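The data block below is structure04.csv; it holds CSV, C-alpha atoms.
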```
chain,number,residue,atom,x,y,z
A,1,MET,CA,-158.9,-81.0,-96.1
A,2,SER,CA,-157.6,-77.5,-96.4
A,3,ALA,CA,-159.9,-74.8,-97.7
A,4,SER,CA,-159.2,-73.5,-101.2
A,5,ARG,CA,-158.8,-70.0,-99.8
A,6,PHE,CA,-157.7,-69.1,-96.3
A,7,LYS,CA,-156.6,-66.1,-94.2
A,8,ALA,CA,-153.0,-65.2,-93.2
A,9,LEU,CA,-151.4,-62.3,-91.5
A,10,MET,CA,-148.9,-61.0,-94.0
A,11,LEU,CA,-146.0,-58.5,-93.6
A,12,LYS,CA,-145.3,-56.5,-96.7
A,13,GLU,CA,-142.9,-53.7,-97.5
A,14,THR,CA,-144.4,-50.3,-98.3
A,15,ASP,CA,-143.1,-46.8,-98.9
A,16,ASP,CA,-143.6,-46.2,-95.2
A,17,GLY,CA,-141.9,-49.4,-94.0
A,18,VAL,CA,-143.2,-52.8,-93.2
A,19,ALA,CA,-147.0,-53.1,-92.7
A,20,PRO,CA,-149.2,-56.0,-91.5
A,21,SER,CA,-152.5,-57.0,-93.2
A,22,ILE,CA,-154.9,-59.9,-93.4
A,23,GLU,CA,-154.7,-61.5,-96.8
A,24,TRP,CA,-156.5,-64.4,-98.5
A,25,LEU,CA,-154.1,-67.0,-99.9
A,26,GLY,CA,-154.3,-70.4,-101.6
A,27,VAL,CA,-152.1,-73.5,-100.9
A,28,ASP,CA,-150.1,-72.8,-104.1
A,29,ASP,CA,-149.0,-69.5,-102.5
A,30,LEU,CA,-147.3,-71.3,-99.7
A,31,PRO,CA,-143.6,-72.4,-99.6
A,32,ASP,CA,-142.5,-75.9,-100.6
A,33,GLY,CA,-142.8,-78.7,-98.1
A,34,ASP,CA,-143.8,-82.3,-97.5
A,35,VAL,CA,-146.9,-81.7,-95.3
A,36,VAL,CA,-149.8,-79.3,-95.5
A,37,VAL,CA,-151.2,-78.5,-92.1
A,38,ASP,CA,-154.6,-77.0,-91.2
A,39,VAL,CA,-153.5,-74.6,-88.5
A,40,HIS,CA,-155.9,-74.4,-85.5
A,41,TYR,CA,-153.7,-72.4,-83.1
A,42,SER,CA,-150.5,-70.4,-82.9
A,43,SER,CA,-149.1,-68.2,-80.1
A,44,ILE,CA,-147.5,-64.8,-79.6
A,45,ASN,CA,-143.9,-64.8,-78.4
A,46,TYR,CA,-141.5,-62.0,-77.8
A,47,LYS,CA,-139.8,-62.8,-81.1
A,48,ASP,CA,-143.1,-62.4,-82.9
A,49,ALA,CA,-143.7,-59.0,-81.3
A,50,MET,CA,-140.2,-58.0,-82.5
A,51,ALA,CA,-141.0,-59.3,-86.0
A,52,LEU,CA,-144.3,-57.3,-86.2
A,53,ALA,CA,-142.4,-54.2,-85.1
A,54,ASN,CA,-139.9,-54.8,-87.9
A,55,ARG,CA,-136.9,-55.2,-85.4
A,56,GLY,CA,-134.8,-57.4,-87.8
A,57,ILE,CA,-136.3,-60.8,-87.1
A,58,ILE,CA,-137.7,-61.1,-90.6
A,59,ARG,CA,-135.5,-59.8,-93.5
A,60,THR,CA,-137.3,-61.0,-96.6
A,61,PHE,CA,-140.8,-59.9,-97.5
A,62,PRO,CA,-143.6,-60.6,-98.0
A,63,ALA,CA,-143.7,-62.9,-95.0
A,64,ILE,CA,-146.0,-64.5,-92.5
A,65,PRO,CA,-144.8,-64.2,-88.9
A,66,GLY,CA,-145.5,-66.6,-86.1
A,67,ILE,CA,-142.8,-69.0,-84.7
A,68,ASP,CA,-145.3,-71.6,-83.4
A,69,LEU,CA,-148.2,-73.6,-84.9
A,70,ALA,CA,-150.4,-76.5,-83.9
A,71,GLY,CA,-152.9,-78.1,-86.2
A,72,VAL,CA,-154.0,-81.2,-88.1
A,73,VAL,CA,-152.3,-82.7,-91.1
A,74,ALA,CA,-154.3,-82.1,-94.3
A,75,THR,CA,-152.0,-83.8,-96.9
A,76,SER,CA,-148.7,-85.5,-96.5
A,77,ALA,CA,-146.0,-86.8,-98.8
A,78,ASP,CA,-144.1,-88.3,-95.9
A,79,ALA,CA,-145.0,-91.7,-94.5
A,80,ARG,CA,-144.5,-90.5,-90.9
A,81,PHE,CA,-147.6,-88.3,-91.0
A,82,ARG,CA,-151.1,-89.0,-92.2
A,83,PRO,CA,-154.1,-86.8,-92.8
A,84,GLY,CA,-155.8,-86.1,-89.5
A,85,ASP,CA,-152.7,-86.4,-87.4
A,86,PRO,CA,-152.4,-83.6,-84.8
A,87,VAL,CA,-149.0,-82.0,-84.9
A,88,VAL,CA,-146.9,-79.2,-83.3
A,89,LEU,CA,-144.2,-77.1,-84.9
A,90,THR,CA,-141.8,-74.6,-83.2
A,91,GLY,CA,-138.5,-73.3,-84.3
A,92,TRP,CA,-136.5,-74.2,-87.4
A,93,GLY,CA,-136.8,-70.6,-88.7
A,94,LEU,CA,-140.6,-70.7,-88.8
A,95,GLY,CA,-141.8,-67.1,-88.7
A,96,GLU,CA,-138.3,-65.8,-89.4
A,97,ARG,CA,-136.6,-67.3,-92.5
A,98,ARG,CA,-139.7,-69.3,-93.3
A,99,TRP,CA,-143.4,-68.3,-93.5
A,100,GLY,CA,-144.8,-68.8,-90.0
A,101,GLY,CA,-147.9,-69.8,-88.0
A,102,PHE,CA,-150.2,-66.8,-88.3
A,103,THR,CA,-152.1,-68.5,-91.1
A,104,GLN,CA,-155.0,-70.9,-91.3
A,105,VAL,CA,-153.0,-73.3,-93.5
A,106,GLU,CA,-149.2,-73.8,-93.8
A,107,ARG,CA,-146.9,-76.1,-95.8
A,108,VAL,CA,-143.8,-77.3,-93.9
A,109,ASN,CA,-141.0,-79.9,-93.9
A,110,ALA,CA,-142.0,-83.1,-92.2
A,111,ASP,CA,-138.7,-83.2,-90.3
A,112,TRP,CA,-139.8,-80.2,-88.3
A,113,LEU,CA,-143.0,-81.6,-87.0
A,114,VAL,CA,-143.6,-83.2,-83.6
A,115,PRO,CA,-146.7,-85.4,-83.0
A,116,LEU,CA,-149.0,-83.8,-80.5
A,117,PRO,CA,-148.2,-85.5,-77.2
A,118,SER,CA,-150.9,-87.5,-75.6
A,119,GLY,CA,-152.8,-85.6,-72.9
A,120,LEU,CA,-152.5,-82.2,-74.6
A,121,THR,CA,-155.0,-80.4,-76.8
A,122,LEU,CA,-153.9,-78.3,-79.7
A,123,ARG,CA,-154.8,-75.2,-77.8
A,124,GLN,CA,-152.8,-76.3,-74.8
A,125,ALA,CA,-149.9,-77.1,-77.0
A,126,MET,CA,-149.8,-73.5,-78.1
A,127,GLY,CA,-150.3,-72.4,-74.5
A,128,ILE,CA,-146.9,-74.1,-74.1
A,129,GLY,CA,-145.4,-73.3,-77.5
A,130,THR,CA,-141.8,-72.1,-77.9
A,131,ALA,CA,-141.9,-70.5,-74.5
A,132,GLY,CA,-142.8,-73.8,-72.8
A,133,LEU,CA,-140.3,-75.8,-74.9
A,134,THR,CA,-137.6,-73.4,-73.9
A,135,SER,CA,-138.6,-73.7,-70.3
A,136,MET,CA,-138.4,-77.4,-70.4
A,137,LEU,CA,-135.0,-77.4,-72.1
A,138,CYS,CA,-133.8,-75.2,-69.3
A,139,VAL,CA,-135.1,-77.7,-66.7
A,140,LEU,CA,-133.5,-80.6,-68.6
A,141,ALA,CA,-130.2,-78.6,-68.5
A,142,LEU,CA,-130.5,-78.2,-64.7
A,143,GLU,CA,-131.2,-81.9,-64.4
A,144,HIS,CA,-128.3,-82.8,-66.6
A,145,HIS,CA,-126.0,-80.8,-64.3
A,146,ASP,CA,-127.4,-82.6,-61.3
A,147,VAL,CA,-129.4,-79.7,-59.9
A,148,ARG,CA,-132.2,-81.6,-58.0
A,149,PRO,CA,-135.1,-80.4,-55.8
A,150,ALA,CA,-132.9,-81.2,-52.7
A,151,SER,CA,-130.1,-79.0,-54.0
A,152,GLY,CA,-131.7,-75.7,-53.0
A,153,GLU,CA,-133.9,-72.9,-54.3
A,154,ILE,CA,-134.2,-72.2,-58.1
A,155,LEU,CA,-134.3,-68.6,-59.3
A,156,VAL,CA,-136.5,-67.9,-62.3
A,157,THR,CA,-135.9,-64.4,-63.7
A,158,GLY,CA,-138.4,-62.6,-65.9
A,159,ALA,CA,-141.0,-64.7,-64.1
A,160,SER,CA,-144.1,-62.9,-65.4
A,161,GLY,CA,-143.3,-63.6,-69.1
A,162,GLY,CA,-144.2,-66.7,-71.0
A,163,VAL,CA,-140.9,-68.6,-70.5
A,164,GLY,CA,-140.7,-67.6,-66.9
A,165,SER,CA,-144.3,-68.4,-66.0
A,166,LEU,CA,-144.0,-71.9,-67.5
A,167,ALA,CA,-140.6,-72.5,-65.9
A,168,ILE,CA,-142.3,-71.9,-62.5
A,169,VAL,CA,-145.1,-74.3,-63.3
A,170,ILE,CA,-142.7,-77.1,-64.5
A,171,LEU,CA,-140.2,-76.7,-61.6
A,172,SER,CA,-142.8,-76.5,-58.9
A,173,GLN,CA,-144.6,-79.6,-60.3
A,174,LEU,CA,-141.2,-81.4,-60.2
A,175,GLY,CA,-140.8,-80.5,-56.5
A,176,TYR,CA,-138.3,-77.6,-56.7
A,177,ARG,CA,-138.6,-74.6,-54.5
A,178,VAL,CA,-138.9,-71.7,-56.9
A,179,VAL,CA,-138.0,-68.0,-56.3
A,180,ALA,CA,-139.8,-65.8,-58.9
A,181,MET,CA,-138.1,-62.6,-59.9
A,182,THR,CA,-140.1,-60.0,-61.8
A,183,GLY,CA,-140.0,-56.4,-62.7
A,184,ARG,CA,-143.8,-56.1,-62.9
A,185,PRO,CA,-145.4,-54.8,-59.7
A,186,GLY,CA,-148.5,-56.6,-58.5
A,187,HIS,CA,-147.8,-60.0,-59.9
A,188,ASP,CA,-146.9,-61.8,-56.7
A,189,GLY,CA,-150.3,-63.5,-56.3
A,190,TYR,CA,-150.2,-64.7,-59.9
A,191,LEU,CA,-146.7,-66.1,-59.6
A,192,LYS,CA,-147.5,-67.9,-56.4
A,193,SER,CA,-150.6,-69.4,-58.0
A,194,LEU,CA,-148.2,-70.9,-60.6
A,195,GLY,CA,-146.1,-72.5,-57.9
A,196,ALA,CA,-143.5,-70.0,-56.8
A,197,SER,CA,-142.5,-70.3,-53.1
A,198,ARG,CA,-141.7,-66.6,-52.9
A,199,THR,CA,-141.2,-63.6,-55.1
A,200,ILE,CA,-138.5,-60.9,-55.4
A,201,GLY,CA,-138.5,-57.6,-57.3
A,202,ARG,CA,-135.9,-57.1,-60.0
A,203,ASP,CA,-134.7,-53.8,-58.7
A,204,ASP,CA,-134.3,-55.2,-55.2
A,205,TYR,CA,-132.4,-58.1,-56.7
A,206,VAL,CA,-129.9,-56.3,-58.8
A,207,THR,CA,-129.4,-52.9,-57.2
A,208,PRO,CA,-128.6,-53.3,-53.5
A,209,ARG,CA,-125.8,-55.8,-53.9
A,210,LYS,CA,-123.5,-55.9,-56.8
A,211,PRO,CA,-120.8,-58.5,-57.5
A,212,GLY,CA,-117.5,-57.6,-55.6
A,213,ARG,CA,-114.1,-57.7,-57.1
A,214,HIS,CA,-114.1,-61.4,-57.4
A,215,GLY,CA,-117.5,-61.5,-59.1
A,216,MET,CA,-119.0,-63.5,-56.3
A,217,GLU,CA,-121.7,-62.9,-53.6
A,218,PRO,CA,-123.2,-65.2,-51.0
A,219,GLU,CA,-124.4,-68.5,-52.4
A,220,LEU,CA,-128.2,-68.3,-52.6
A,221,PHE,CA,-129.4,-70.4,-55.5
A,222,ALA,CA,-128.7,-74.0,-56.7
A,223,GLY,CA,-129.9,-73.2,-60.2
A,224,VAL,CA,-131.2,-70.3,-62.3
A,225,VAL,CA,-133.5,-70.1,-65.3
A,226,ASP,CA,-132.6,-66.8,-66.8
A,227,THR,CA,-134.8,-65.2,-69.4
A,228,VAL,CA,-133.5,-61.7,-69.0
A,229,GLY,CA,-129.7,-61.5,-69.5
A,230,GLY,CA,-127.6,-58.4,-68.8
A,231,PRO,CA,-127.1,-57.3,-65.1
A,232,VAL,CA,-129.7,-59.8,-63.9
A,233,LEU,CA,-127.6,-62.7,-65.3
A,234,SER,CA,-124.4,-61.2,-64.0
A,235,THR,CA,-125.9,-61.1,-60.5
A,236,ALA,CA,-127.3,-64.7,-60.8
A,237,LEU,CA,-123.8,-66.0,-61.6
A,238,ALA,CA,-122.5,-64.3,-58.6
A,239,ARG,CA,-125.1,-65.9,-56.3
A,240,LEU,CA,-125.0,-69.5,-57.6
A,241,SER,CA,-124.2,-72.1,-55.0
A,242,TYR,CA,-121.3,-74.5,-55.5
A,243,GLY,CA,-121.8,-76.8,-58.5
A,244,GLY,CA,-124.9,-74.7,-59.6
A,245,CYS,CA,-126.1,-74.1,-63.1
A,246,VAL,CA,-127.8,-71.2,-64.8
A,247,ALA,CA,-129.7,-72.0,-68.0
A,248,VAL,CA,-129.6,-68.9,-70.2
A,249,CYS,CA,-132.4,-68.3,-72.7
A,250,GLY,CA,-133.2,-64.6,-72.9
A,251,LEU,CA,-131.7,-61.2,-73.6
A,252,VAL,CA,-134.5,-58.6,-73.0
A,253,GLY,CA,-132.3,-57.1,-70.2
A,254,GLY,CA,-129.2,-56.8,-72.3
A,255,ILE,CA,-126.7,-58.8,-74.3
A,256,GLU,CA,-123.6,-58.0,-72.3
A,257,LEU,CA,-122.4,-60.2,-69.4
A,258,GLU,CA,-120.1,-58.7,-66.7
A,259,THR,CA,-118.4,-61.4,-64.6
A,260,THR,CA,-115.1,-62.9,-63.8
A,261,VAL,CA,-113.7,-66.4,-63.9
A,262,PHE,CA,-114.0,-66.9,-60.2
A,263,PRO,CA,-117.5,-68.3,-60.0
A,264,PHE,CA,-116.4,-71.0,-62.4
A,265,LEU,CA,-113.0,-71.7,-60.8
A,266,LEU,CA,-114.0,-71.4,-57.1
A,267,ARG,CA,-117.6,-72.7,-57.2
A,268,GLY,CA,-117.6,-74.9,-60.3
A,269,VAL,CA,-120.7,-73.3,-61.7
A,270,THR,CA,-122.0,-74.0,-65.2
A,271,VAL,CA,-123.6,-71.7,-67.8
A,272,ALA,CA,-125.9,-73.7,-70.1
A,273,GLY,CA,-127.0,-72.0,-73.3
A,274,ILE,CA,-130.5,-72.9,-74.4
A,275,ASP,CA,-131.5,-72.8,-78.1
A,276,SER,CA,-135.0,-74.0,-79.1
A,277,VAL,CA,-134.7,-73.1,-82.8
A,278,ARG,CA,-132.3,-75.8,-83.9
A,279,CYS,CA,-132.8,-78.2,-81.0
A,280,PRO,CA,-132.5,-81.7,-82.5
A,281,THR,CA,-135.8,-83.6,-82.9
A,282,PRO,CA,-135.1,-86.4,-80.4
A,283,ARG,CA,-134.5,-83.7,-77.7
A,284,ARG,CA,-137.7,-81.9,-78.8
A,285,VAL,CA,-139.8,-85.0,-78.5
A,286,GLU,CA,-138.4,-85.7,-75.1
A,287,ALA,CA,-139.1,-82.2,-74.0
A,288,TRP,CA,-142.7,-82.3,-75.3
A,289,GLN,CA,-143.4,-85.6,-73.6
A,290,ARG,CA,-142.1,-84.2,-70.3
A,291,LEU,CA,-144.2,-81.1,-70.8
A,292,ALA,CA,-147.4,-83.2,-71.3
A,293,GLN,CA,-146.6,-85.0,-68.0
A,294,CYS,CA,-145.5,-81.9,-65.9
A,295,VAL,CA,-147.9,-79.1,-66.9
A,296,PRO,CA,-151.5,-79.6,-65.5
A,297,GLY,CA,-154.0,-78.9,-68.1
A,298,ALA,CA,-156.3,-76.9,-65.8
A,299,LEU,CA,-153.4,-74.6,-64.7
A,300,LEU,CA,-152.3,-74.1,-68.3
A,301,ASP,CA,-155.8,-73.2,-69.4
A,302,GLY,CA,-155.8,-70.5,-66.7
A,303,MET,CA,-152.6,-69.0,-68.1
A,304,ILE,CA,-154.0,-68.6,-71.6
A,305,ARG,CA,-155.5,-65.5,-73.2
A,306,GLU,CA,-157.0,-66.3,-76.6
A,307,VAL,CA,-157.2,-63.8,-79.5
A,308,PRO,CA,-158.3,-64.2,-83.1
A,309,LEU,CA,-155.9,-63.6,-86.0
A,310,GLU,CA,-157.3,-60.0,-86.4
A,311,GLN,CA,-156.1,-59.1,-82.9
A,312,VAL,CA,-152.6,-60.4,-83.2
A,313,VAL,CA,-150.9,-57.1,-84.0
A,314,ASP,CA,-152.4,-55.3,-81.0
A,315,ALA,CA,-151.7,-58.2,-78.7
A,316,ALA,CA,-148.1,-58.4,-79.9
A,317,ALA,CA,-147.7,-54.6,-79.2
A,318,GLU,CA,-148.9,-55.1,-75.7
A,319,LEU,CA,-146.3,-57.9,-75.2
A,320,ALA,CA,-143.5,-55.8,-76.5
A,321,LYS,CA,-144.4,-53.1,-73.9
A,322,GLY,CA,-144.3,-55.7,-71.1
A,323,GLN,CA,-148.0,-55.6,-70.5
A,324,GLY,CA,-150.0,-58.6,-69.3
A,325,HIS,CA,-148.7,-62.0,-68.3
A,326,GLY,CA,-148.9,-65.7,-69.1
A,327,ARG,CA,-149.5,-66.9,-72.7
A,328,THR,CA,-151.4,-65.4,-75.6
A,329,VAL,CA,-152.8,-68.0,-78.0
A,330,VAL,CA,-154.0,-67.2,-81.5
A,331,ASN,CA,-157.2,-69.1,-82.5
A,332,LEU,CA,-157.0,-69.4,-86.3
A,333,ARG,CA,-160.5,-70.7,-86.5
A,334,ALA,CA,-162.2,-68.0,-84.4
A,335,ALA,CA,-164.5,-65.3,-85.9
A,336,PRO,CA,-162.9,-61.8,-85.7
```
Before anything else, please render the file you have as structure tokens.
Amino acid sequence: MSASRFKALMLKETDDGVAPSIEWLGVDDLPDGDVVVDVHYSSINYKDAMALANRGIIRTFPAIPGIDLAGVVATSADARFRPGDPVVLTGWGLGERRWGGFTQVERVNADWLVPLPSGLTLRQAMGIGTAGLTSMLCVLALEHHDVRPASGEILVTGASGGVGSLAIVILSQLGYRVVAMTGRPGHDGYLKSLGASRTIGRDDYVTPRKPGRHGMEPELFAGVVDTVGGPVLSTALARLSYGGCVAVCGLVGGIELETTVFPFLLRGVTVAGIDSVRCPTPRRVEAWQRLAQCVPGALLDGMIREVPLEQVVDAAAELAKGQGHGRTVVNLRAAP
């Protein structure tokens, strides 16, 4: 049962802008919803880092950031969930339009919850989180467009980040040969430990060869999981093999896409947009079940860095600067 008072990381407007602070709340302070969840873990994603830096992710204050949570049902007005059920929640505006997961207790709509898949702990579920769900949705898109392990190499851009790292794990576990592209020097060993067959540097990938007048280059990759956007995505399109697919899920490298119609007309390639926020529940459940099957627990545990609620702001700032790798999980039950 939820404690009468609990801690949450709040964002409030001040004379100097938006400031974070640890506050003590009660259940009555929380938004309306069908289910009260005792939150055990959350995770820090790029979007959370932008929210804490007041980059337009959250527009109504006060607010609790955190786009992921995993915990145990405390009370439920919905027959699908009972007290004691372990659950996961990602997306649906959590930590954006709705108070999020950086709290020890949250009240949410039952329709947003996914039962914790068998084989995963709550901590591991947040090691996966939105990043892993997005990665799996990318892989499902490649499979849907008939990109198989025998089709050829798969390029993962932004490979050192949360989405990229988990995409490498999933793809390699499914038998794909993964090429990991990163802009962070010295991460080759880490990326290969996740399952990458080889690594390439971002500057080497984009700079030496730019798309020609037809927007095409030699066919190198059967599929791409692109977490970067901008020139990296433009180059990926130019290097897709015939019938290839690029799953697009990120924009840290830019929002503009420079290409021509030729890759689509002459090579029949597909661009699959990936959205994990409003992804329908049946698709979410499928993705989470696949994640539980594909991601080895021991490997996932090795990717996780754990911090208490009191260290979220500093950890998010590091993520925004491109420091570190893997996944940062927030232990809401840990002592500061």
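When only C-alpha atoms are used to measure the gap to Ala222 in chain A, the shortest distance among A:Cys279, A:Leu142, A:Ala110, A:Val252 belongs to A:Leu142.
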Where does range 56-105 of chain A meet range 268-278 of chain A within 12 Å, residue by residue, with the nearest atom pair and distance in Å to one decimal for each, counting only C-alpha atoms, listed by chain and rising number, as CSV?
```
residue,atom,partner,partner_atom,distance
A:Ile67,CA,A:Val277,CA,9.3
A:Asp68,CA,A:Val277,CA,10.7
A:Leu89,CA,A:Val277,CA,10.5
A:Thr90,CA,A:Val277,CA,7.3
A:Gly91,CA,A:Val277,CA,4.1
A:Trp92,CA,A:Val277,CA,5.1
A:Gly93,CA,A:Val277,CA,6.7
A:Leu94,CA,A:Val277,CA,8.8
A:Gly95,CA,A:Val277,CA,11.0
A:Glu96,CA,A:Val277,CA,10.5
A:Arg97,CA,A:Val277,CA,11.5
```
| message | Show me, as a PyMOL selection string, the residues that have an atom within 12 Å of Glu310 in chain A when counting only C-alpha atoms, minus same-chain residues fewer than 6 positions from it. | response | chain A and resi 7-10+20-23+102-103+316+330-336
| To one decimal place, how far is CA of Glu258 in chain A from CA of Ser241 in chain A in Å? | 18.3 Å
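Between CA of Ala167 in chain A and CA of Leu240 in chain A the separation is 17.9 Å.
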| field | 9 Å contact set for range 50-57 of chain A, only C-alpha atoms, chain neighbours under 3 positions out, as a PyMOL selection string | value | chain A and resi 11+17-20+45-47+65-66+95-97+313+316-317+320
